[in-house]
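K.L.:
This is the structure, below, for whatever I ask next.
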2 protein chains.
Amino acid sequence: MQGTQGLETRWRRRKNARPQEILDAALAEFAARGFAAARMDDIAARAGVTKGTVYLYFQSKEDLFKSLVRESIGAAIEARMADARNFEGRSSELLRLVLRAIGFFARTSDRAVLPKIVMAEAGNFPELLRFYRAEVVDKGLSLLSSIVTRGIARGEFRKLEPQHVARLCIAPLLFAVFWRSSFAAQDAVPYDLEGFIETHIDVLLKGLGPHEG
Amino acid sequence: MQGTQGLETRWRRRKNARPQEILDAALAEFAARGFAAARMDDIAARAGVTKGTVYLYFQSKEDLFKSLVRESIGAAIEARMADARNFEGRSSELLRLVLRAIGFFARTSDRAVLPKIVMAEAGNFPELLRFYRAEVVDKGLSLLSSIVTRGIARGEFRKLEPQHVARLCIAPLLFAVFWRSSFAAQDAVPYDLEGFIETHIDVLLKGLGPHEG
DNA sequence: ATTGTAAATAACCCATCGGTTAGTTACGGT
DNA sequence: ACCGTAACTAACCGATGGGTTATTTACAAT
């Protein structure tokens, strides 16, 4: 537990480093077990401290989780919204760009498991759900549907309900997150998520196009 | 707990009715809380019995859940596979039919929450995940990818990786399930899931079509 | 070197819950 | 009427895990 440093002391005082280390450990444990099943003892052990120490820096398990959400996704979405507003080219290119970015996040980031955890335990922690929806879901859907609206206005996309299309954009990306965080572990040959996402963008953009088919 | 019948007896012997009533109660509790957080006491109470009685009919919590999966989805998928094999018309029509059927199930059935529960708690109950993947996921994906392969062979669809397209088919349906079982509860104006699914089928079929765009 | 203090530990408390079992009761057979 | 039995209950057990607290210890200031 405390065997990583030299031989002189059982532990060190590291007030500054602890919170981030605990957050990282918590992310890993929440990702592996979900919110309810993650043990504070395990989070502490992974962070190289004991449970009592975690409670020096965070009030409760729920506080720990919220801190995690706050410091991760919200900001990233707002950054992309700024990108989108400044974009000049074709809407299909803009959409491709944004979906590739979110797709990359979904395929590679550790943080991508957070939506899964939230939806999974929505029933037991409604406050967590409300928080996440306001912070992430509504912002994300609004970004995507504004791109779709732009595309329709410029005659690049067919006339479809932007709210539906926005959800069609992210559904496969959410699927990718779920696949990665559950089935992927038991696959001998890993499933090609990157190819999946490219196919998604390809099929979606063709499906949105105005040319009759 | 046992106050529903008349005044004469504290309880009745109803060996035949119990299992189904317990399964229904379990579905409701699993749907509301998830697998781990659902309490056997609550399931029993909802079924109008005590916990001991549940263990007369089911070996364990996990056995209860598995029974639920078995009696619901597995059979339905096999039925659709038979439908698909006998179908004579255009692949796009076949795919539309199948997706509408699954979509209807996703929008309306109580059982539709099962995939959500499984994926949510995959990390803690790998055996459950393995079971569900073999019983539902692989069969479902194989059904869909065979339709796609058929469509490509007949020149109705573009040449795309059927495994990717199969997942694209269900991703929005899974999304619908998740939306319904988490966010829907807090929406004042309910989101139009049926329109969403129709848009999905529309966009997907156009996106798969062979005509350049 | 000594000491004050706050960072960190380790042992503890207690509510919860899956599963078990000893006892109770409905009810068909005689 | 009265068993015999199996359906059912109710009380129990043991493990688990969130949160607390008494104690120990690193280390900066003097």
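Chain labels follow the order of the structure tokens: the first chain is A, the next B, and so on; residue numbering restarts at 1 in every chain, and ligands are counted from 1 in their shown order.
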Please provide the set of residues having any atom within 9 Å of Arg18 in chain B, restricted to only C-alpha atoms (C1' of nucleotides), with same-chain residues fewer than 6 positions apart removed, written as JSON, numbers by chain.
P.N.:
{"B": [47, 49, 53, 54, 57]}
K.L.:
Could you please take those selected residues and save C-alpha atoms as a compact mmCIF listing (two decimals), in the first residue's frame?
P.N.:
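That gives us again.txt:
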# COMPACT_ATOMS: atom_id res chain seq x y z
CA ALA B 47 -44.66 -9.98 -5.83
CA VAL B 49 -44.50 -12.81 -0.94
CA THR B 53 -40.47 -17.71 -1.13
CA VAL B 54 -38.43 -16.26 -3.94
CA TYR B 57 -38.51 -20.80 -7.05
K.L.:
Counting only C-alpha atoms (C1' of nucleotides), what is within 12 Å of DA29 in chain D, bar same-chain residues fewer than 5 positions away, as a PyMOL selection string?
P.N.:
chain C and resi 2-5
K.L.:
Starting from chain D, keep only residues with some atom at most 9 Å from an atom of chain B, counting only C-alpha atoms (C1' of nucleotides), and report them as a list in words.
P.N.:
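Close enough to count are DA7, DC8, DT9 and DA10 of chain D.
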K.L.:
Show which residues sit within 9 Å of Leu168 in chain A, as a list in words. Count only C-alpha atoms (C1' of nucleotides), and ignore same-chain residues fewer than 5 positions away.
P.N.:
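The neighbour list is Gln163 and Leu204 of chain A; Ala171, Pro172, Phe175, Phe196, Thr199 and His200 of chain B.
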K.L.:
Given the selection you just returned, output its residues as a file containing C-alpha atoms, formatted as a PDB file, in the first residue's frame.
P.N.:
ATOM      1  CA  GLN A 163     -33.470  17.089 -32.771  1.00  0.00           C
ATOM      2  CA  LEU A 204     -24.988   9.390 -42.054  1.00  0.00           C
TER       3      LEU A 204
ATOM      4  CA  ALA B 171     -27.203   1.897 -32.075  1.00  0.00           C
ATOM      5  CA  PRO B 172     -30.129   4.343 -32.323  1.00  0.00           C
ATOM      6  CA  PHE B 175     -30.160   4.936 -27.657  1.00  0.00           C
ATOM      7  CA  PHE B 196     -36.743   9.436 -34.006  1.00  0.00           C
ATOM      8  CA  THR B 199     -35.931   9.191 -39.075  1.00  0.00           C
ATOM      9  CA  HIS B 200     -33.245   6.677 -38.262  1.00  0.00           C
TER      10      HIS B 200
END
K.L.:
Hey, what's within 9 Å of Tyr55 in chain B if we count only C-alpha atoms (C1' of nucleotides) and toss same-chain stuff fewer than 5 positions away? As a PyMOL selection string, please?
P.N.:
(chain B and resi 60-61) or (chain C and resi 19)
K.L.:
Find the residues around Met81 in chain A up to 9 Å (only C-alpha atoms (C1' of nucleotides) counted), leave out those fewer than 6 positions away in its own chain, and share them as an MDAnalysis selection string.
P.N.:
chainID A and resid 139:140 143:144
K.L.:
Given the selection you just returned, output its residues as a file containing C-alpha atoms, formatted as an mmCIF file, in the first residue's frame.
P.N.:
data_model
loop_
_atom_site.group_PDB
_atom_site.id
_atom_site.type_symbol
_atom_site.label_atom_id
_atom_site.label_comp_id
_atom_site.auth_asym_id
_atom_site.auth_seq_id
_atom_site.Cartn_x
_atom_site.Cartn_y
_atom_site.Cartn_z
ATOM 1 C CA LYS A 139 -25.156 21.218 -24.481
ATOM 2 C CA GLY A 140 -24.009 18.457 -26.811
ATOM 3 C CA LEU A 143 -24.323 21.900 -30.643
ATOM 4 C CA LEU A 144 -25.192 19.119 -33.070
#
K.L.:
From a DSSP calculation on the backbone, collect every residue of range 69-212 of chain B in helix (DSSP H, G or I) and output the set as a ChimeraX atom specification.
P.N.:
/B:69-86,91-108,110-120,126-153,162-181,183-186,193-208
K.L.:
Could you pull the residues within 10 Å of Phe131 in chain B, counting only C-alpha atoms (C1' of nucleotides), minus those fewer than 3 positions along the same chain, as number ranges by chain?
P.N.:
B: 66, 69-70, 118, 126-128, 134-137
K.L.:
Tell me as a ChimeraX atom specification which residues belonging to chain A come within 8 Å of chain B, counting only C-alpha atoms.
P.N.:
/A:32-34,36-37,116-117,119-124,129,160,164-165,167-168,171-172,174-175,178,182-183,195-196,199-200,202-209,211,213
K.L.:
What does the distance from C1' of DT20 in chain C to C1' of DC12 in chain D come to in Å, to one decimal?
P.N.:
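C1' of DT20 in chain C sits 8.3 Å away from C1' of DC12 in chain D.
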K.L.:
Using only C-alpha atoms (C1' of nucleotides) and a distance of at most 9 Å, pull out the residues of chain C that contact chain A, as a PyMOL selection string.
P.N.:
chain C and resi 7-10
K.L.:
Of the residues D:DC13, D:DA28, D:DA22, D:DC3, which is the one nearest to DC12 in chain C, using only C-alpha atoms (C1' of nucleotides)?
P.N.:
D:DA22
